[in-house]
Amino acid sequence: MNNNKASSPIDSILNEYLKKLHPSMLQITCKLVNIIFNSGIFPEIWGKGVILPLYKNKGNINDPDNYRGITFFSCFGKLFTTILNKRFNSFLESNNIFAKNKQGLGRNNV
């Protein structure tokens with residue numbers, strides 16, 4: 001998870017906060033991630049994003065075409081999905097379901 005990213009209006013927590021957690025809080029966070037993983041119950045709020053328009057700094061400020069959307073997600077949701085992705089890829093690799101050097105999962109790779 002990258003530093004210097006805006007916090008989500010959903011939880012107002014920065015990635016840097018998670019990276020600097022006290023070891024006791026890291027253990028609690030790990031337990032929480034494992035409970036979610038094992039139960040299959042993902043907190044709904046972690047999956048929601050807030051989309052805000054961001055001016056591109058060119059053109060008429062009143063023209064909607066001069067804006068792009070930027071989406072803010074909960075850092076806990078991003079953390080969980082990152083861990084889930086790593087576990088999923090590890091499972092696929094350890095079971096030789098796809099080769100690490102493949103760009104995509106074609107029919108012959110699954």
# chains A, B, ... in the order shown; residues from 1 in each chain; ligands from 1
>>> residues_around(residues="region 77-80 of chain A", least_positions_apart="2", cutoff="9 Å", atoms="only C-alpha atoms", output="PyMOL selection string")
chain A and resi 1+15+18+33+36-37+42-43+45-48+73-75+82-85
>>> residues_around(residues="region 63-68 of chain A", least_positions_apart="4", cutoff="10 Å", atoms="only C-alpha atoms", output="PDB file with C-alpha atoms, in the first residue's frame")
ATOM      1  CA  ILE A  51     -16.037   9.007  -6.219  1.00  0.00           C
ATOM      2  CA  LEU A  52     -15.125  12.675  -6.323  1.00  0.00           C
ATOM      3  CA  PRO A  53     -14.441  14.842  -9.377  1.00  0.00           C
ATOM      4  CA  LEU A  54     -10.901  16.137  -9.733  1.00  0.00           C
ATOM      5  CA  TYR A  55     -10.191  19.136 -11.961  1.00  0.00           C
ATOM      6  CA  LYS A  56      -7.485  18.380 -14.554  1.00  0.00           C
ATOM      7  CA  ASN A  57      -6.049  21.917 -14.245  1.00  0.00           C
ATOM      8  CA  LYS A  58      -6.737  22.753 -17.874  1.00  0.00           C
ATOM      9  CA  GLY A  59      -9.650  24.221 -19.700  1.00  0.00           C
TER      10      GLY A  59
END
>>> closest_residue(among="A:Leu14, A:Lys86, A:Phe72, A:Glu93", to="Asn2 (chain A)", atoms="only C-alpha atoms")
A:Leu14
>>> closest_residue(among="A:Asn62, A:Gly40, A:Ile70, A:Val50", to="Ser12 (chain A)", atoms="only C-alpha atoms")
A:Val50
>>> select_by_dssp(residues="chain A", states="strand (DSSP E or B)", output="PyMOL selection string")
chain A and resi 49-55+67-73
>>> atom_distance(atom1="CA of His22 (chain A)", atom2="CA of Ile10 (chain A)")
22.7 Å
>>> select_by_dssp(residues="chain A", states="helix (DSSP H, G or I)", output="short mmCIF file (atom, residue, chain, number, x, y, z; two decimals) with C-alpha atoms, in the first residue's frame")
data_model
loop_
_atom_site.label_atom_id
_atom_site.label_comp_id
_atom_site.auth_asym_id
_atom_site.auth_seq_id
_atom_site.Cartn_x
_atom_site.Cartn_y
_atom_site.Cartn_z
CA ASN A 15 -2.07 3.83 4.76
CA GLU A 16 0.79 5.22 6.86
CA TYR A 17 -1.28 4.63 10.01
CA LEU A 18 -1.57 0.93 9.21
CA LYS A 19 2.13 0.68 8.43
CA PRO A 23 2.81 -4.83 17.28
CA SER A 24 -0.20 -5.62 19.48
CA MET A 25 -2.47 -3.87 16.98
CA LEU A 26 -0.81 -5.76 14.12
CA GLN A 27 -1.79 -9.02 15.84
CA ILE A 28 -5.38 -7.83 16.18
CA THR A 29 -5.45 -6.72 12.54
CA CYS A 30 -4.07 -10.11 11.48
CA LYS A 31 -6.77 -11.89 13.51
CA LEU A 32 -9.44 -9.68 11.95
CA VAL A 33 -8.20 -10.43 8.42
CA ASN A 34 -8.19 -14.17 9.17
CA ILE A 35 -11.70 -14.05 10.64
CA ILE A 36 -12.98 -12.30 7.52
CA PHE A 37 -11.08 -14.73 5.28
CA ASN A 38 -12.37 -17.83 7.13
CA SER A 39 -15.95 -16.62 7.54
CA GLU A 44 -19.78 -4.02 3.33
CA ILE A 45 -18.37 -0.57 4.09
CA TRP A 46 -14.87 -1.74 3.07
CA GLY A 47 -16.13 -2.47 -0.43
CA PRO A 64 -17.45 18.62 -16.81
CA ASP A 65 -15.13 17.18 -19.50
CA ASN A 66 -12.22 18.87 -17.71
CA CYS A 75 -7.55 1.35 3.49
CA PHE A 76 -8.69 -1.68 5.51
CA GLY A 77 -10.59 -2.90 2.46
CA LYS A 78 -7.53 -2.36 0.27
CA LEU A 79 -5.33 -4.13 2.83
CA PHE A 80 -7.67 -7.12 2.96
CA THR A 81 -7.97 -7.42 -0.82
CA THR A 82 -4.18 -7.15 -1.18
CA ILE A 83 -3.70 -9.99 1.32
CA LEU A 84 -6.44 -12.03 -0.34
CA ASN A 85 -4.80 -11.55 -3.75
CA LYS A 86 -1.42 -12.68 -2.39
CA ARG A 87 -2.99 -15.76 -0.78
CA PHE A 88 -4.88 -16.57 -3.97
CA ASN A 89 -1.78 -16.24 -6.16
CA SER A 90 0.26 -18.30 -3.70
CA PHE A 91 -2.38 -21.05 -3.79
CA LEU A 92 -2.44 -21.04 -7.60
CA GLU A 93 1.34 -21.17 -7.85
CA SER A 94 1.79 -23.88 -5.20
CA ARG A 107 -8.17 -21.79 -21.08
CA ASN A 108 -5.03 -23.90 -21.26
CA ASN A 109 -3.60 -22.46 -18.04
#
>>> atom_distance(atom1="CA of Asn3 (chain A)", atom2="CA of Gly49 (chain A)")
18.7 Å
